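Enquirer: My structure is below; once you've seen it, I'll send some questions.
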Amino acid sequence: MAALAALPRPRTFAGGAARRRLRSVPAQAGPVVQLEVGNPLQLTETMRTRLLAAVRALLSDPGLKDADDPVRLATVVLVAKSKVATDYRATTTATELGRWVGLKSSRIAHHVLPQLRDRGVLGSNETVNAAGRVTGLECWVIPMYRAQHGGDRRHVLALSRVELVVLLKLIEALFAPGWNHKDGRVTPAGMIADRTGRGAATDRLGLLLMVLSSTSKGWLQLCSGSVDSERGRPAATVARLLGCSPAGGAKVLSRLQGRKVLSVDRRETVSRLNARSRVRLLPVAKAHGIAVREAQEAADAVFSDLAVTASGDHKVTVEAVAPVVTGVQGTGEGLDACSADRAVTAHLHASHASVVTPGGSLSLSGGFSGEGRGGEGRRPERVRVREDQTVDGGTDAAGSGSPVAGDGPLRGEKPMKSPVDQRGEQRTAEAGAGGRLRAGRWEKAQQQKRVALPADLRLRVALGPVSSLWERLSGWQQDQVEAAAKAELAQLAGLDMAPEGAPRLLADRLTRRLTETGGEAMVAKPFGWLTGRGLIRRPSCSDPRCDDGIRLDTEESCESCANVLHIRRARRAQMRADIDRELPGLADGERRRILEERLRERVATEAENLARGQEQARVERARRAAARAAATEQAKYERQAAAAAHAVRQALACEDCGRGQAAGLCEACGYRRRTETLTVETGLLAATWAAVLNDRDDIDAVTAGVRASLKADIKQTQREFLDAVEPGELDKDPAGAASVLAFAALQTVEAALSNHRSIALERLSRTEEAEAEARRGFRTEQNRRWFRHNPNGADAIAAATKAADTARERTAEYLLTTRLEQLREHTSARTEHVPTPPWTDRLPELAARPLGTDTVGAVFT
C-alpha cells in the first residue's frame, strides 16, 4: 500500500480525460568503466547468446555424435575461419589447423580430417603444387554451408559476416597460436595457446563454451537440478557443456584453474560443507573492468544464503545475481544459477535475530524465533525442536519446548484458525452430519485456476511477457487464452517459416503491445486485452506476414506497407497539384475541403473496384470448383472403364496352352517365352567370339551347341526339383507345378546368359583391337603433365596401367555390342516367322493324352 501511495496521481486534462505516466528510473550514479574498443571478451548479451547457440548447434549435429574433442574443436575453428567472400570456405593446412587445435599435424591429417570427411561434416579440396604435393586445403563445414544457403536467415548456423569475425577474434584471444604478419604486425598467442598435447582440445573447447555461457561479469551460469554430490555443480555444468562425465568436467576445471583463467569459489554453508560454489572466468571479468581482488570479494558476497533477509548470521549481498537458464539444465529447470552443489543441503532454517534479547516477557515484537529465550540466551536442543508440535501442545515435542516461551505461538504455530481451516472444518462437519459436500462456483473456479503458465514449452515461451496477466485470469479465461495462443502459433508456423520461431514471434508481439499500452499495470481487463489486442495480428497491408508494419519472417520493416504509404502520399501530392493547377488562388481551407472530397471519391471508387474484383474472384473460384468436379467425374469414369477392360482381358484364354482366365498368356507359358528369348540371346553371345560372323553355318553350329547345353541343364534342374517333392504332391495343382518348373528353367537360362556374357567380354578383351586401345591409353596417361618429370615412376606406371585396363574393358564392351547387332541382323534376315497354331487346332492332340501321373511329365516336356 505504501508503494501504491507513492505513485504519482494521474493528471486530469480538458474533457475529463486522465493520462497515466510511467516515470523512468534515473540512471545509477557512479563512475562508468570505459571498455576497450574491439575487445572480443566484451560481448553483448545478444552476441553471446547468438554465438553460444551456433556453437552448441554445431556440436550437436548428428554427424559429430560420439566424436572426439579434437574433431569437434576443429569443426568450430573451421567455421570461425570461414569467409563470406569465399562462399563460407576456409583455406588452411594440416599444420596450421593443428596449431589451433593443439595437436601435431600428423594427428590432424590422419585422424581429425578423415573423421570429419567420413562423418559427412567436412567438404574439402586439396591444393597441389607442380610436384604433386598437397600445399593446402580449401574446407567448408557442411552443416553451416547448408544453413547459409537454405534461405532461412534465422537459422542458428546462418552466421553473418560480423558474427563470424567476432567468433574468430574470441577464439584468437583464447587459444590462437600467434603469428607475425607480412606488414610487421604481430598477433599474440591466446591465453592457453601453450596447452598442447593430450587433452588440449578438450580444455580449449571447454574454455570457449564457458566464456560463451558466462555473464558480463564473468560468472559461469551453472546448471540446475540434481548433480553428482561427489563432483559438485561446477563440474556437472562443464560436463554438460562438453558432453562428458562429471569426472571429466572436474579435470577440465582443475587444469584451467591451474592456468589462472578461472577461479572456483566455495563458501561454507550451515552444514559446514563447501556446497555453495561459483565459477568465474577471470579474463571476462577483467575485460569488463572488474579487478581480480574485487571479483574475489564479490564472489564471497554472492554465496550468502538469503542475504536480503538475514540479520546477522549472513553477510550482506554486494552483487545481485539474477536467475538464468544456461541451456544445459537437467531436472529442476529454471533454478538459480548459484544454487547449491548438493540439493540435499538447501537451507530450510528460518532467519534469526542478530542479537538475543534476554527477558521473561512472552510478547513477541519482531516474530523471530530467537527472541524471548531468557537471560541464558541458550539455543534449543535441536534445530526443529518446536516445529513439529500441534497447536494445543499435545505431543511430546510440544512438551519439550522452551519453558520461558510458555504457551504463546512460536515458529510454525498458529495462534488461531484461519478462515480457510474454519471453512474446511464446517464442510467436513456438514458432510459428517449426512449432508452432501458441494463446492460453490467460486471455489470450483479457484480449484480449476492455474497460477503457472501452461506446461507446453512453446506456450510458456510465447506467454512469458504476460505471466502476471495470466495469473489474474480465471480458469475458463485461461483455457480460452491458451486456445487462442495455440491457434496463433499454428498460424505463425504456417507462414513458410521455421516452426520453432513461432513462440518467440508471439512473445515479441505481446511485448510490443504491452509497451504501447504502458505496461501490465495499465491493463484493467486482462482477458479482453489478451484476446482483443495482445494475441491478434494487426496487418498494415495485404501481406499475411505483416504485423504492425513488421515482417514476421525477417523481423524488419514491411516493404509492402512502405509501398502502400508511398503510393498514398504520391496520390495526395498529385491531387494537390491538380487542384492548384485547375483552381489557382484558393484559400487553404477551401483547398483542403476540395482535397478531402476528391480523396473520399477516390476511396469510394477503389472500394467499388475491390468489391467487383472480389465478385470476379468468387465466380472464378466457382468455375474452378466445377472444373475440378468434372475432372473428378471423368477420372472416375476412366477408372471404371479401365477396370472393365481389365476384367475382359483377364477372361481371355492363353494363346499357347488354351488355359482359361489367363489374360491371353498364362504364367507358365510366359516363362517359356522368356526362356526361349534368352536362349537365343545366349547363343548369340557365344557366337560373338566363337564363330565367324560372316559364316552362317558356323553361327548356327555354335547356337545349336549352346541350345543343347542349356536344354540339358534345364532337364537336370527339373529332375532335381521332381526328386525333391513328395510323390503325388504335384497332382494337386498341375498348373502351379508347371509354372514352378518353367520358372526354374528361366533361372537356369538367366544364369547361363550372365556367364556367357562374362566369357565373351573376357575373350574380346584379348583381341587386337582391345590391346591397341590399351596401349594408347597407357601412353596417354603416362604423358600427363603431372607425370612428365618422372614418367617411369611407380605412381605414373600405376595410373597408366589403370587407364589401360579401363580402355581394354570399354573396347571389349564396344566390340560385344557391335557384334551382337550384326548377328541379330543376319538372324532376322534369314529367319521366317512361323505363327503359332491356335490352341483350338491343338486341342484334339492334347485331349488324346492319357490322364494321371504321366500327364505332368508330358506337359513339362
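Going by the C-alpha cells order, chains are called A, B, ..., each with residues numbered from 1, while ligands are numbered from 1 in the order shown.
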Show me, as a VMD selection string, the residues that have an atom within 6 Å of stretch 58-71 of chain A when counting only C-alpha atoms, minus same-chain residues fewer than 2 positions from it.

Expert: chain A and resid 55 to 56 73 to 74 112 119 121 201 to 202

Enquirer: Give me, as a ChimeraX atom specification, the residues of stretch 65-240 of chain A that a backbone DSSP run labels alpha helix (DSSP H).

Expert: /A:69-81,94-101,105-107,113-118,142-148,161-175,200-212,233-240

Enquirer: Need to verify the contact set: A:Arg602, 10 Å, only C-alpha atoms, exclusion of same-chain residues closer than 6 positions in sequence. Can you return it as a count of residues only?

Expert: 3

Enquirer: For stretch 82-124 of chain A versus stretch 180-192 of chain A, which residues have an atom no more than 12 Å away, and what is each residue's nearest atom pair and distance in Å rounded to one decimal, using only C-alpha atoms, chain-then-number order, as JSON lines?

Expert:
{"residue": "A:Arg99", "atom": "CA", "partner": "A:Ala189", "partner_atom": "CA", "distance": 10.6}
{"residue": "A:Trp100", "atom": "CA", "partner": "A:Gly190", "partner_atom": "CA", "distance": 9.9}
{"residue": "A:Val101", "atom": "CA", "partner": "A:Ile192", "partner_atom": "CA", "distance": 11.0}
{"residue": "A:Gly102", "atom": "CA", "partner": "A:Ile192", "partner_atom": "CA", "distance": 9.6}

Enquirer: Taking all heavy atoms for each residue, export the selection above as a compact mmCIF listing (two decimals), in the first residue's frame.

Expert:
# COMPACT_ATOMS: atom_id res chain seq x y z
N ARG A 99 47.96 -26.36 -35.01
CA ARG A 99 48.34 -25.31 -34.05
C ARG A 99 47.12 -24.73 -33.36
O ARG A 99 47.18 -24.36 -32.19
CB ARG A 99 49.11 -24.21 -34.78
CG ARG A 99 50.44 -24.66 -35.38
CD ARG A 99 51.12 -23.50 -36.07
NE ARG A 99 51.43 -22.43 -35.13
CZ ARG A 99 51.69 -21.17 -35.48
NH1 ARG A 99 51.66 -20.84 -36.76
NH2 ARG A 99 51.96 -20.27 -34.58
N TRP A 100 45.99 -24.62 -34.07
CA TRP A 100 44.77 -24.10 -33.45
C TRP A 100 44.16 -25.13 -32.50
O TRP A 100 43.62 -24.76 -31.45
CB TRP A 100 43.76 -23.73 -34.52
CG TRP A 100 44.08 -22.46 -35.24
CD1 TRP A 100 44.90 -22.32 -36.30
CD2 TRP A 100 43.60 -21.15 -34.93
NE1 TRP A 100 44.96 -21.01 -36.69
CE2 TRP A 100 44.17 -20.26 -35.86
CE3 TRP A 100 42.75 -20.65 -33.96
CZ2 TRP A 100 43.92 -18.90 -35.85
CZ3 TRP A 100 42.47 -19.29 -33.94
CH2 TRP A 100 43.06 -18.42 -34.88
N VAL A 101 44.24 -26.40 -32.86
CA VAL A 101 43.62 -27.43 -32.03
C VAL A 101 44.55 -27.86 -30.89
O VAL A 101 44.08 -28.35 -29.87
CB VAL A 101 43.22 -28.64 -32.91
CG1 VAL A 101 42.59 -29.74 -32.09
CG2 VAL A 101 42.26 -28.19 -33.98
N GLY A 102 45.86 -27.67 -31.05
CA GLY A 102 46.80 -28.06 -30.02
C GLY A 102 47.38 -29.45 -30.24
O GLY A 102 47.85 -30.06 -29.29

Enquirer: Select from stretch 206-264 of chain A everything DSSP, run on the backbone, classes as strand (DSSP E or B), then give the selection as an MDAnalysis selection string.

Expert: chainID A and resid 214 219:220 262:264

Enquirer: Which residues, written as a list in words, have at least one atom at most 10 Å from A:Glu762, with only C-alpha atoms counted and residues fewer than 2 positions away on the same chain left out?

Expert: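 The filter keeps Trp689, His756, Arg757, Ser758, Ile759, Ala760, Leu764, Ser765, Arg766, Thr767, Arg808, Glu809, Ala812 and Glu813 of chain A.
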
Enquirer: Would you put the residues from that selection into a file with N, CA and C atoms, as a PDB file, in the first residue's frame?

Expert:
ATOM      1  N   TRP A 689      32.360 -64.490 -80.161  1.00  0.00           N
ATOM      2  CA  TRP A 689      33.791 -64.789 -80.085  1.00  0.00           C
ATOM      3  C   TRP A 689      34.166 -66.185 -80.594  1.00  0.00           C
ATOM      4  N   HIS A 756      27.889 -66.465 -69.946  1.00  0.00           N
ATOM      5  CA  HIS A 756      28.368 -66.328 -71.324  1.00  0.00           C
ATOM      6  C   HIS A 756      28.737 -64.876 -71.630  1.00  0.00           C
ATOM      7  N   ARG A 757      28.050 -63.931 -71.043  1.00  0.00           N
ATOM      8  CA  ARG A 757      28.417 -62.526 -71.268  1.00  0.00           C
ATOM      9  C   ARG A 757      29.793 -62.233 -70.685  1.00  0.00           C
ATOM     10  N   SER A 758      30.050 -62.731 -69.470  1.00  0.00           N
ATOM     11  CA  SER A 758      31.371 -62.512 -68.871  1.00  0.00           C
ATOM     12  C   SER A 758      32.468 -63.158 -69.714  1.00  0.00           C
ATOM     13  N   ILE A 759      32.206 -64.377 -70.221  1.00  0.00           N
ATOM     14  CA  ILE A 759      33.209 -65.064 -71.052  1.00  0.00           C
ATOM     15  C   ILE A 759      33.446 -64.293 -72.346  1.00  0.00           C
ATOM     16  N   ALA A 760      32.365 -63.779 -72.951  1.00  0.00           N
ATOM     17  CA  ALA A 760      32.513 -63.042 -74.200  1.00  0.00           C
ATOM     18  C   ALA A 760      33.344 -61.779 -73.989  1.00  0.00           C
ATOM     19  N   LEU A 764      36.872 -61.062 -75.806  1.00  0.00           N
ATOM     20  CA  LEU A 764      37.010 -59.896 -76.676  1.00  0.00           C
ATOM     21  C   LEU A 764      38.043 -58.908 -76.164  1.00  0.00           C
ATOM     22  N   SER A 765      38.302 -58.910 -74.837  1.00  0.00           N
ATOM     23  CA  SER A 765      39.334 -58.008 -74.314  1.00  0.00           C
ATOM     24  C   SER A 765      40.742 -58.447 -74.717  1.00  0.00           C
ATOM     25  N   ARG A 766      40.874 -59.667 -75.263  1.00  0.00           N
ATOM     26  CA  ARG A 766      42.182 -60.140 -75.707  1.00  0.00           C
ATOM     27  C   ARG A 766      42.382 -59.982 -77.206  1.00  0.00           C
ATOM     28  N   THR A 767      41.450 -59.361 -77.857  1.00  0.00           N
ATOM     29  CA  THR A 767      41.577 -59.154 -79.307  1.00  0.00           C
ATOM     30  C   THR A 767      42.600 -58.060 -79.590  1.00  0.00           C
ATOM     31  N   ARG A 808      40.788 -51.143 -72.240  1.00  0.00           N
ATOM     32  CA  ARG A 808      40.582 -52.505 -72.722  1.00  0.00           C
ATOM     33  C   ARG A 808      39.144 -52.962 -72.443  1.00  0.00           C
ATOM     34  N   GLU A 809      38.624 -52.666 -71.250  1.00  0.00           N
ATOM     35  CA  GLU A 809      37.257 -53.075 -70.913  1.00  0.00           C
ATOM     36  C   GLU A 809      36.240 -52.341 -71.778  1.00  0.00           C
ATOM     37  N   ALA A 812      36.221 -53.902 -75.247  1.00  0.00           N
ATOM     38  CA  ALA A 812      35.541 -55.201 -75.265  1.00  0.00           C
ATOM     39  C   ALA A 812      34.027 -55.013 -75.251  1.00  0.00           C
ATOM     40  N   GLU A 813      33.526 -54.084 -74.447  1.00  0.00           N
ATOM     41  CA  GLU A 813      32.085 -53.834 -74.430  1.00  0.00           C
ATOM     42  C   GLU A 813      31.604 -53.299 -75.780  1.00  0.00           C
TER      43      GLU A 813
END

Enquirer: Provide the atom CA of A:Val603 to atom CA of A:Gly534 distance in Å, to one decimal place.

Expert: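 If I compute the distance from atom CA of A:Val603 to atom CA of A:Gly534, I get 29.9 Å.
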
Enquirer: Considering only C-alpha atoms, tabulate each residue of stretch 205-292 of chain A that lies at most 12 Å from stretch 165-179 of chain A along with its nearest interatomic pair and the corresponding distance in Å to one decimal; arrange the rows by chain and ascending residue number and present them as a tab-separated table.

Expert:
residue	atom	partner	partner_atom	distance
A:Leu205	CA	A:Phe175	CA	9.6
A:Gly206	CA	A:Leu174	CA	10.8
A:Leu207	CA	A:Leu174	CA	7.7
A:Leu208	CA	A:Ile171	CA	7.2
A:Leu209	CA	A:Ile171	CA	10.6
A:Met210	CA	A:Leu174	CA	11.3
A:Val211	CA	A:Leu170	CA	9.2
A:Leu212	CA	A:Leu170	CA	9.6
A:Leu256	CA	A:Leu174	CA	11.7
A:Val261	CA	A:Leu174	CA	9.7
A:Leu281	CA	A:Leu174	CA	11.6
A:Pro283	CA	A:Leu174	CA	9.3
A:Val284	CA	A:Leu174	CA	10.8
A:Ala287	CA	A:Ala173	CA	11.5

Enquirer: For A:Asn792, find every residue with an atom within 12 Å (counting only C-alpha atoms), except residues of its own chain fewer than 4 positions away, and show them as a CSV table (one decimal) with all heavy atoms, in the first residue's frame.

Expert:
chain,number,residue,atom,x,y,z
A,778,PHE,N,47.6,-46.4,-72.2
A,778,PHE,CA,48.8,-46.4,-71.3
A,778,PHE,C,49.7,-45.2,-71.6
A,778,PHE,O,50.2,-44.5,-70.7
A,778,PHE,CB,49.5,-47.7,-71.5
A,778,PHE,CG,50.6,-47.9,-70.5
A,778,PHE,CD1,50.4,-48.5,-69.3
A,778,PHE,CD2,51.9,-47.5,-70.9
A,778,PHE,CE1,51.5,-48.7,-68.4
A,778,PHE,CE2,53.0,-47.7,-70.0
A,778,PHE,CZ,52.8,-48.3,-68.8
A,779,ARG,N,49.9,-45.0,-72.9
A,779,ARG,CA,50.8,-43.9,-73.3
A,779,ARG,C,50.2,-42.6,-73.0
A,779,ARG,O,50.9,-41.6,-72.6
A,779,ARG,CB,51.2,-44.1,-74.8
A,779,ARG,CG,52.1,-45.2,-75.1
A,779,ARG,CD,52.6,-45.1,-76.5
A,779,ARG,NE,51.5,-45.0,-77.5
A,779,ARG,CZ,51.0,-46.1,-78.2
A,779,ARG,NH1,51.5,-47.3,-77.9
A,779,ARG,NH2,50.1,-46.0,-79.0
A,781,GLU,N,48.1,-41.7,-70.6
A,781,GLU,CA,48.1,-41.4,-69.2
A,781,GLU,C,49.6,-41.2,-68.7
A,781,GLU,O,49.8,-40.4,-67.8
A,781,GLU,CB,47.5,-42.6,-68.4
A,781,GLU,CG,47.3,-42.3,-66.9
A,781,GLU,CD,46.3,-41.2,-66.6
A,781,GLU,OE1,45.5,-41.0,-67.5
A,781,GLU,OE2,46.4,-40.6,-65.5
A,782,GLN,N,50.5,-41.9,-69.3
A,782,GLN,CA,51.9,-41.7,-68.9
A,782,GLN,C,52.5,-40.4,-69.3
A,782,GLN,O,53.4,-39.8,-68.7
A,782,GLN,CB,52.8,-42.9,-69.5
A,782,GLN,CG,54.1,-43.0,-68.9
A,782,GLN,CD,54.9,-44.2,-69.5
A,782,GLN,OE1,54.5,-44.6,-70.6
A,782,GLN,NE2,55.9,-44.6,-68.9
A,783,ASN,N,51.9,-39.8,-70.4
A,783,ASN,CA,52.4,-38.5,-70.8
A,783,ASN,C,51.6,-37.3,-70.2
A,783,ASN,O,51.7,-36.2,-70.8
A,783,ASN,CB,52.3,-38.4,-72.4
A,783,ASN,CG,53.2,-39.4,-73.0
A,783,ASN,OD1,54.3,-39.7,-72.5
A,783,ASN,ND2,52.8,-39.9,-74.2
A,784,ARG,N,50.8,-37.5,-69.2
A,784,ARG,CA,50.2,-36.4,-68.5
A,784,ARG,C,51.2,-35.4,-68.0
A,784,ARG,O,52.4,-35.8,-67.6
A,784,ARG,CB,49.3,-36.9,-67.4
A,784,ARG,CG,48.2,-37.9,-67.8
A,784,ARG,CD,47.1,-37.1,-68.5
A,784,ARG,NE,45.9,-38.0,-68.8
A,784,ARG,CZ,44.9,-37.6,-69.4
A,784,ARG,NH1,44.8,-36.4,-69.9
A,784,ARG,NH2,43.9,-38.5,-69.7
A,787,PHE,N,53.0,-36.2,-64.7
A,787,PHE,CA,53.9,-37.3,-64.7
A,787,PHE,C,55.1,-37.1,-65.6
A,787,PHE,O,56.0,-38.0,-65.8
A,787,PHE,CB,53.2,-38.6,-65.2
A,787,PHE,CG,52.2,-39.1,-64.2
A,787,PHE,CD1,50.9,-39.5,-64.7
A,787,PHE,CD2,52.4,-39.1,-62.8
A,787,PHE,CE1,50.0,-39.9,-63.8
A,787,PHE,CE2,51.4,-39.5,-62.0
A,787,PHE,CZ,50.2,-39.9,-62.4
A,788,ARG,N,55.2,-35.9,-66.3
A,788,ARG,CA,56.3,-35.7,-67.2
A,788,ARG,C,57.7,-35.6,-66.5
A,788,ARG,O,58.7,-36.0,-67.1
A,788,ARG,CB,56.1,-34.4,-67.9
A,788,ARG,CG,54.9,-34.4,-68.9
A,788,ARG,CD,54.7,-33.1,-69.6
A,788,ARG,NE,53.5,-33.1,-70.5
A,788,ARG,CZ,53.0,-32.1,-71.1
A,788,ARG,NH1,53.6,-30.9,-70.9
A,788,ARG,NH2,51.9,-32.2,-71.9
A,796,ALA,N,53.3,-43.1,-61.8
A,796,ALA,CA,52.9,-43.0,-63.2
A,796,ALA,C,52.6,-44.3,-63.8
A,796,ALA,O,51.6,-44.5,-64.6
A,796,ALA,CB,54.1,-42.3,-64.0
A,797,ILE,N,53.4,-45.4,-63.5
A,797,ILE,CA,53.1,-46.7,-64.1
A,797,ILE,C,51.8,-47.2,-63.5
A,797,ILE,O,51.0,-47.8,-64.3
A,797,ILE,CB,54.2,-47.7,-63.7
A,797,ILE,CG1,55.5,-47.2,-64.4
A,797,ILE,CG2,53.9,-49.1,-64.1
A,797,ILE,CD1,55.5,-47.2,-65.9
A,798,ALA,N,51.5,-47.0,-62.3
A,798,ALA,CA,50.2,-47.5,-61.7
A,798,ALA,C,49.0,-46.8,-62.4
A,798,ALA,O,48.0,-47.4,-62.7
A,798,ALA,CB,50.2,-47.2,-60.2
A,799,ALA,N,49.1,-45.5,-62.5
A,799,ALA,CA,48.0,-44.7,-63.2
A,799,ALA,C,47.8,-45.2,-64.6
A,799,ALA,O,46.7,-45.3,-65.1
A,799,ALA,CB,48.2,-43.2,-63.1
A,800,ALA,N,49.0,-45.3,-65.3
A,800,ALA,CA,48.9,-45.7,-66.8
A,800,ALA,C,48.3,-47.2,-66.9
A,800,ALA,O,47.5,-47.4,-67.8
A,800,ALA,CB,50.3,-45.7,-67.4
A,801,THR,N,48.7,-48.1,-66.0
A,801,THR,CA,48.1,-49.4,-66.0
A,801,THR,C,46.6,-49.4,-65.8
A,801,THR,O,45.9,-50.1,-66.5
A,801,THR,CB,48.8,-50.3,-65.0
A,801,THR,OG1,50.2,-50.3,-65.2
A,801,THR,CG2,48.3,-51.7,-65.1

Enquirer: Please compute the atom CA of A:Glu825-atom CA of A:Leu678 distance, one decimal, in Å.

Expert: 16.9 Å

Enquirer: Find the residues near A:Ala687: any atom within 8 Å, counting only C-alpha atoms, skip ones fewer than 5 places away on the same chain, and give them as a ChimeraX atom specification.

Expert: /A:692-693,699,702-703

Enquirer: Can those selected residues be exported to a file as a PDB file, in the first residue's frame so that it contains N, CA, C and O atoms?

Expert:
ATOM      1  N   VAL A 692      32.613 -67.394 -86.807  1.00  0.00           N
ATOM      2  CA  VAL A 692      32.937 -66.391 -87.828  1.00  0.00           C
ATOM      3  C   VAL A 692      31.648 -65.648 -88.145  1.00  0.00           C
ATOM      4  O   VAL A 692      30.613 -66.260 -88.458  1.00  0.00           O
ATOM      5  N   LEU A 693      31.720 -64.316 -88.072  1.00  0.00           N
ATOM      6  CA  LEU A 693      30.498 -63.531 -88.171  1.00  0.00           C
ATOM      7  C   LEU A 693      29.866 -63.607 -89.565  1.00  0.00           C
ATOM      8  O   LEU A 693      28.667 -63.389 -89.695  1.00  0.00           O
ATOM      9  N   ILE A 699      27.751 -69.977 -87.329  1.00  0.00           N
ATOM     10  CA  ILE A 699      26.907 -69.344 -86.309  1.00  0.00           C
ATOM     11  C   ILE A 699      25.824 -70.312 -85.841  1.00  0.00           C
ATOM     12  O   ILE A 699      25.545 -70.439 -84.644  1.00  0.00           O
ATOM     13  N   VAL A 702      27.290 -72.986 -83.517  1.00  0.00           N
ATOM     14  CA  VAL A 702      27.561 -72.503 -82.156  1.00  0.00           C
ATOM     15  C   VAL A 702      26.265 -72.344 -81.371  1.00  0.00           C
ATOM     16  O   VAL A 702      26.142 -72.762 -80.223  1.00  0.00           O
ATOM     17  N   THR A 703      25.256 -71.720 -82.001  1.00  0.00           N
ATOM     18  CA  THR A 703      23.986 -71.525 -81.298  1.00  0.00           C
ATOM     19  C   THR A 703      23.301 -72.847 -80.995  1.00  0.00           C
ATOM     20  O   THR A 703      22.673 -72.999 -79.927  1.00  0.00           O
TER      21      THR A 703
END

Enquirer: Give me the residues within 6 Å of stretch 668-674 of chain A as number ranges by chain, counting only C-alpha atoms and dropping any in the same chain fewer than 6 places off.

Expert: A: 739, 742-743
